[in-house]
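Trainee: Can you keep this structure in mind? I'll have questions shortly.
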Amino acid sequence: MKRYIVAIVMLLALALPARVEAQYNRNYIYWMGQQKMVNNNYHEAIEILNVLLRYDARDFDAYFLRGIAKYNLDDLLGADSDFSRAVELNPVFTGAFYYRAITRSRLGNYDDALSDFRQAIELRPDLPDPYYSRGVTRLLNQQFEAAIADFDLFIRFEKRHVAAYINRGISYLNLKDTTRAYENFELAIRTNREEPEAYNRRGALLMAQERFEEAVDDFDRAIACDSSYLPAFFNRALVNDQLDRPMLSISDLDHVIKLDSMSTIGYFNRALIRFDIGDYNRALEDFNIVAQLSPDNVLVYYNRALLHTRLGNITAAINDYSRAIELYPDFANAYLNRSLLRRSQRDLRGAESDERTAHRKIAEHRSRLNESSSGSIFADTTERFDKLLSLESKLVERNFERIASRTTAEANDLALIPMFRFTLIAQDSSKVDRRLHRFNTQRVRDFHDKINNPLLRLDCRQCNISPDSLIVIDREIESKLHAEVSPNWITLFERGISQALIKQYTSSVNTLGEAIQLNPSNPFLYLNRATTRAEMIDFISSMDDSYHSVSFDSDPAKRLHNHSKRTYSYDEAIEDINKAIKLYPEFAEAYYNRANLLAISGDLPAAYDDYTRAIELDPELGEAYYNRGLVQIFMKDTRKGCMDLSKAGELGIAAAYDLLKEFHIAEH
């Protein structure tokens with residue numbers, strides 16, 4: 001990395017015109033900034049370059065070099081701003097276009113990144129690096145054929161670049177061309193026989209083709225190259241399981257957990273193998289650890305219930321099935337298994353109820369499969385839920401109000417404040433609630449008055465009504481619906497709310513759909529269907545393997561991050577919010593909700609824009625300031641993020657101050 005930065009600095013030094021300044025020695029200050037960069041002292045480099053820019057605000061070279069320093073400090077927005085300023089001052093500055101493209105790609109802003117790559121390549125078609133970096137960006141953006149074309153061009157310049165062959169192989173793999181994928185992984189290995197990722201990639205392809213012994217050989221070689229290379233240990237564990245070598249598989253998972261003590265997927269898979277070989281007590285220990293690390297994952301409770309059944313602890317098994325059902329009420333398998341256990345406990349009424357519910361869920365699931373592909377696999381009783389999961393699978397909870405790990409060393413979760421929707425909240429007489437009558441526009445107030453329900457709130461908080469009371473409310477609304485001569489959209493809307501609150505998400509979506517058919521111009525109906533769809537999606541398993549993991553060059557200029565790549569599709573929910581915004585362009589909460597979905601889908605720049613629009617429409621929307629602050633922190637612009645958190649605190653979001661303290665700037 002240092003060698004690459006030195007090369008850039010030397011090139012810049014040669015390219016700079018001599019400037020004679022009476023007040024200060026520009027070249028000396030610039031040289032000092034370069035030296036700080038060479039020694040990785042980026043903070044000091046920025047301070048020196050700031051001096052330079054105070055004297056000459058049009059020094060595009062200084063902006064460019066400061067942009068590189070900010071990039072290496074992960075201040076991506078700041079880097080983007082400096083590169084943009086350099087381009088503005090010098091429209092033929094190839095390096096600024098190139099680095100801004102890389103920065104924007106890291107931010108997930110692929111369209112603008114590709115535009116910048118095009119500019120850089122048009123200015124200097126003889127430079128190889130932009131082709132490689134554009135290929136990586138296109139791969140991340142799922143433009144696989146275009147990515148291959150870029151890697152082809154890059155390899156013409158650089159035939160010894162291992163990552164280019166690997167990424168080209170991944171691109172072919174996404175196009176289902178396993179032959180060419182294999183050829184590229186072979187080329188990567190021949191180029192550098194000490195590169196563990198090349199062996200691991202080829203081994204993963206062989207494993208997918210069920211050529212298990214050959215796959216083991218490749219994983220062995222990867223580990224021989226790097227004894228701390230976790231993916232190879234993990235994949236070898238999967239292959240050993242397929243080859244019925246459980247002790248070897250467990251040994252490999254032991255290494256995975258040693259390398260990553262928070263690996264929920266490692267503990268989960270080890271628990272399954274221990275369960276399979278009859279090591280029940282240790283399997284239970286592993287499941288318990290997974291439940292602590294990932295308390296909202298339905299598969300953990302489902303499989304632990306199976307283990308409790310084997311151990312004869314029927315009460316614990318029923319409790320785990322109940323927890324799985326609580327997390328996902330459409331999980332037909334859990335109902336069926338709980339039915340059997342209840343029957344063994346002579347709870348015939350409960351057993352028959354579970355069995356009826358399971359068959360109804362299965363029928364609903366099969367019906368949905370004929371209409372849409374968005375149904376949950378948990379309703380399909382042919383699905384196995386006790387199989388090992390791949391390294392790319394996500395076992396951690398993915399509530400729609402959460403985004404990935406934070407930027408601090410502790411890597412704790414930062415939770416977005418959830419989406420707004422019309423819900424039922426009872427007034428707490430002991431507290432003064434500034435949001436009790438939060439209906440900020442006349443249109444929202446008119447809608448609230450039309451529904452005429454004293455519990456109705458436009459809110460982002462959890463419902464504070466007990467589950468038993470919610471069930472009573474739902475039954476009352478159901479009776480009201482049956483008593484009506486013809487369907488009424490207001491009653492359907494209320495039923496959709498109550499069904500969502502008791503976690504009958506599929507029914508809620510369908511009921512809200514019926515309300516929308518009767519009143520298709522009402523934006524608030526779309527808003528609630530969007531939030532319900534988002535909650536439902538969070539329970540859909542992500543056990544599918546992914547080939548989108550990309551190997552990156554060690555150079556910081558090419559080290560793009562894949563953490564913001566979309567994992568879940570909230571397209572239907574976003575489409576509903578788009579309709580709500582089209583029908584009501586001044587609806588601040590709709591922009592806020594769309595921003596939440598964009599944030600957890602990985603499109604942080606677009607989420608930022610929507611939070612900003614929500615704030616423009618409602619400057620008192622503290623939740624939007626809070627979430628925009630988190631988004632900016634995730635985009636490495638901590639200072640601006642903390643400013644937003646401070647504003648959120650002023651507007652009554654108490655959690656903002658707790659978070660500011662963790663960043664050691666609560667009072668600054």
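In the structure tokens, the first chain shown is A, the next is B, and so on; residue numbers restart at 1 for each chain, and ligands run from 1 in the order shown.
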Name the residues in contact with Leu391 (chain A) at a cut-off of 8 Å, using only C-alpha atoms, excluding same-chain residues fewer than 2 positions from it; report them as a PDB file with C-alpha atoms, in the first residue's frame.
Mentor:
ATOM      1  CA  PRO A 231     -13.051 -19.419   4.512  1.00  0.00           C
ATOM      2  CA  PHE A 234     -15.229 -23.342   6.865  1.00  0.00           C
ATOM      3  CA  ASN A 235     -15.630 -24.798   3.382  1.00  0.00           C
ATOM      4  CA  ILE A 265     -22.682 -19.640  11.564  1.00  0.00           C
ATOM      5  CA  LEU A 389     -25.361 -23.312   6.105  1.00  0.00           C
ATOM      6  CA  SER A 393     -25.522 -17.362   4.714  1.00  0.00           C
TER       7      SER A 393
END
Trainee: Taking only residues of region 595-642 of chain A that have an atom at most 8 Å from an atom of region 100-108 of chain A, what is each one's shortest atom pair and its distance in Å to one decimal, using only C-alpha atoms, in chain and number order, as CSV?
Mentor:
residue,atom,partner,partner_atom,distance
A:Gly602,CA,A:Gly108,CA,7.1
A:Asp603,CA,A:Gly108,CA,6.0
A:Leu604,CA,A:Leu107,CA,7.1
A:Pro605,CA,A:Leu107,CA,7.1
A:Met635,CA,A:Leu107,CA,6.8
Trainee: Kindly give the distance, in Å, that separates CA of Leu518 (chain A) and CA of Phe493 (chain A), rounded to a single decimal.
Mentor: 10.6 Å
Trainee: CA of Arg211 (chain A) and CA of Ala147 (chain A) are how many Å apart?
Mentor: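 Atom-to-atom, CA of Arg211 (chain A) and CA of Ala147 (chain A) are spaced 28.1 Å apart.
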Trainee: So which residues touch Ala291 (chain A) within 8 Å, counting only C-alpha atoms, skipping near sequence neighbours fewer than 6 positions away, as a short mmCIF file (atom, residue, chain, number, x, y, z; two decimals) with C-alpha atoms, in the first residue's frame?
Mentor:
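File written: out-v4.cif
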data_model
loop_
_atom_site.label_atom_id
_atom_site.label_comp_id
_atom_site.auth_asym_id
_atom_site.auth_seq_id
_atom_site.Cartn_x
_atom_site.Cartn_y
_atom_site.Cartn_z
CA ASN A 297 -33.30 -16.15 14.35
CA VAL A 300 -31.98 -21.61 16.08
CA TYR A 301 -35.13 -22.21 18.12
#
Trainee: Would you give me, as CSV, each residue of region 291-374 of chain A having an atom within 10 Å of an atom of region 266-277 of chain A, along with its shortest atom pair and that distance in Å to one decimal, using only C-alpha atoms and sorting by chain and residue number?
Mentor:
residue,atom,partner,partner_atom,distance
A:Ala291,CA,A:Phe268,CA,9.4
A:Leu293,CA,A:Tyr267,CA,9.9
A:Leu299,CA,A:Phe268,CA,9.4
A:Val300,CA,A:Phe268,CA,7.7
A:Asn303,CA,A:Leu272,CA,8.1
A:Arg304,CA,A:Ala271,CA,9.2
A:Leu306,CA,A:Phe275,CA,9.4
A:Leu307,CA,A:Phe275,CA,7.1
A:Arg310,CA,A:Phe275,CA,9.4
Trainee: Give me the residues near region 332-346 of chain A as an NGL selection string, where near means some atom within 9 Å (using only C-alpha atoms) and where sequence neighbours in that chain fewer than 6 positions away do not count.
Mentor: :A and (302 or 306 or 309 or 314-315 or 317-318 or 321-322 or 324-325 or 352-362 or 378-381 or 383)
Trainee: For the selection just defined, write its residues with C-alpha atoms to a file, as a JSON list (two decimals), in the first residue's frame.
Mentor:
[["chain", "number", "residue", "atom", "x", "y", "z"],
["A", 302, "TYR", "CA", -36.53, -24.69, 15.61],
["A", 306, "LEU", "CA", -35.64, -30.85, 17.86],
["A", 309, "THR", "CA", -37.23, -33.45, 21.93],
["A", 314, "ILE", "CA", -40.70, -31.79, 25.96],
["A", 315, "THR", "CA", -41.53, -28.57, 27.80],
["A", 317, "ALA", "CA", -39.03, -28.15, 23.04],
["A", 318, "ILE", "CA", -42.57, -26.74, 23.06],
["A", 321, "TYR", "CA", -41.32, -24.10, 18.87],
["A", 322, "SER", "CA", -43.51, -21.40, 20.40],
["A", 324, "ALA", "CA", -40.10, -19.90, 16.49],
["A", 325, "ILE", "CA", -43.80, -19.37, 15.81],
["A", 352, "GLU", "CA", -55.55, -30.08, 16.91],
["A", 353, "SER", "CA", -55.36, -26.28, 16.78],
["A", 354, "ASP", "CA", -51.70, -26.42, 15.72],
["A", 355, "GLU", "CA", -52.43, -29.05, 13.09],
["A", 356, "ARG", "CA", -55.27, -27.01, 11.59],
["A", 357, "THR", "CA", -53.11, -23.90, 11.56],
["A", 358, "ALA", "CA", -50.24, -25.74, 9.89],
["A", 359, "HIS", "CA", -52.41, -27.09, 7.08],
["A", 360, "ARG", "CA", -53.95, -23.65, 6.55],
["A", 361, "LYS", "CA", -50.48, -22.08, 6.33],
["A", 362, "ILE", "CA", -49.38, -24.73, 3.85],
["A", 378, "PHE", "CA", -40.95, -21.64, 6.21],
["A", 379, "ALA", "CA", -44.46, -22.57, 5.13],
["A", 380, "ASP", "CA", -43.13, -25.35, 2.89],
["A", 381, "THR", "CA", -42.97, -28.59, 4.86],
["A", 383, "GLU", "CA", -37.91, -27.75, 3.19]]
Trainee: Within 8 Å of Leu501 (chain A), counting only C-alpha atoms, which residues qualify if same-chain residues fewer than 4 places away don't, as a list in words?
Mentor: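 In the requested form, the answer reads Cys463, Leu470 and Ile497 of chain A.
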Trainee: With only C-alpha atoms as the counted atoms, please give the residues lying no more than 9 Å from Val509 (chain A), apart from itself and same-chain residues fewer than 4 positions off, as a list in words.
Mentor: Gly496, Gln499, Ala500, Gln504, Tyr505, Gly513, Glu514, Asn528, Arg529, Ala530, Thr532 and Arg533 of chain A
Trainee: Residues within 8 Å of region 53-61 of chain A, please, as JSON, numbers by chain. Count only C-alpha atoms; anything in the same chain fewer than 4 positions from it doesn't count.
Mentor: {"A": [12, 49, 65, 85, 86, 87, 89, 90]}
Trainee: Go ahead and write the residues just picked, C-alpha atoms, as a compact mmCIF listing (two decimals), in the first residue's frame.
Mentor:
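Writing the result to again-v6.txt gives the following:
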# COMPACT_ATOMS: atom_id res chain seq x y z
CA LEU A 12 2.43 14.26 -8.78
CA LEU A 49 -2.75 20.56 3.09
CA LEU A 65 -3.95 14.78 -2.19
CA ARG A 85 -13.41 20.08 -6.14
CA ALA A 86 -10.25 18.93 -7.92
CA VAL A 87 -12.28 17.93 -10.99
CA LEU A 89 -10.87 23.16 -10.94
CA ASN A 90 -9.20 20.85 -13.47
Trainee: Separation of CA of Ala588 (chain A) and CA of Leu651 (chain A), in Å?
Mentor: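 CA of Leu651 (chain A) lies 16.0 Å from CA of Ala588 (chain A).
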Trainee: Go through A:Thr423, A:Ser227, A:Gln442, A:Asn281 and flag the residue nearest Arg461 (chain A), using only C-alpha atoms for the distances.
Mentor: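 Smallest distance to Arg461 (chain A) is found for A:Thr423.
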Trainee: From the list A:Ala599, A:Leu527, A:Ile502, A:Leu77, which residue is nearest Tyr328 (chain A) when using only C-alpha atoms?
Mentor: A:Ile502
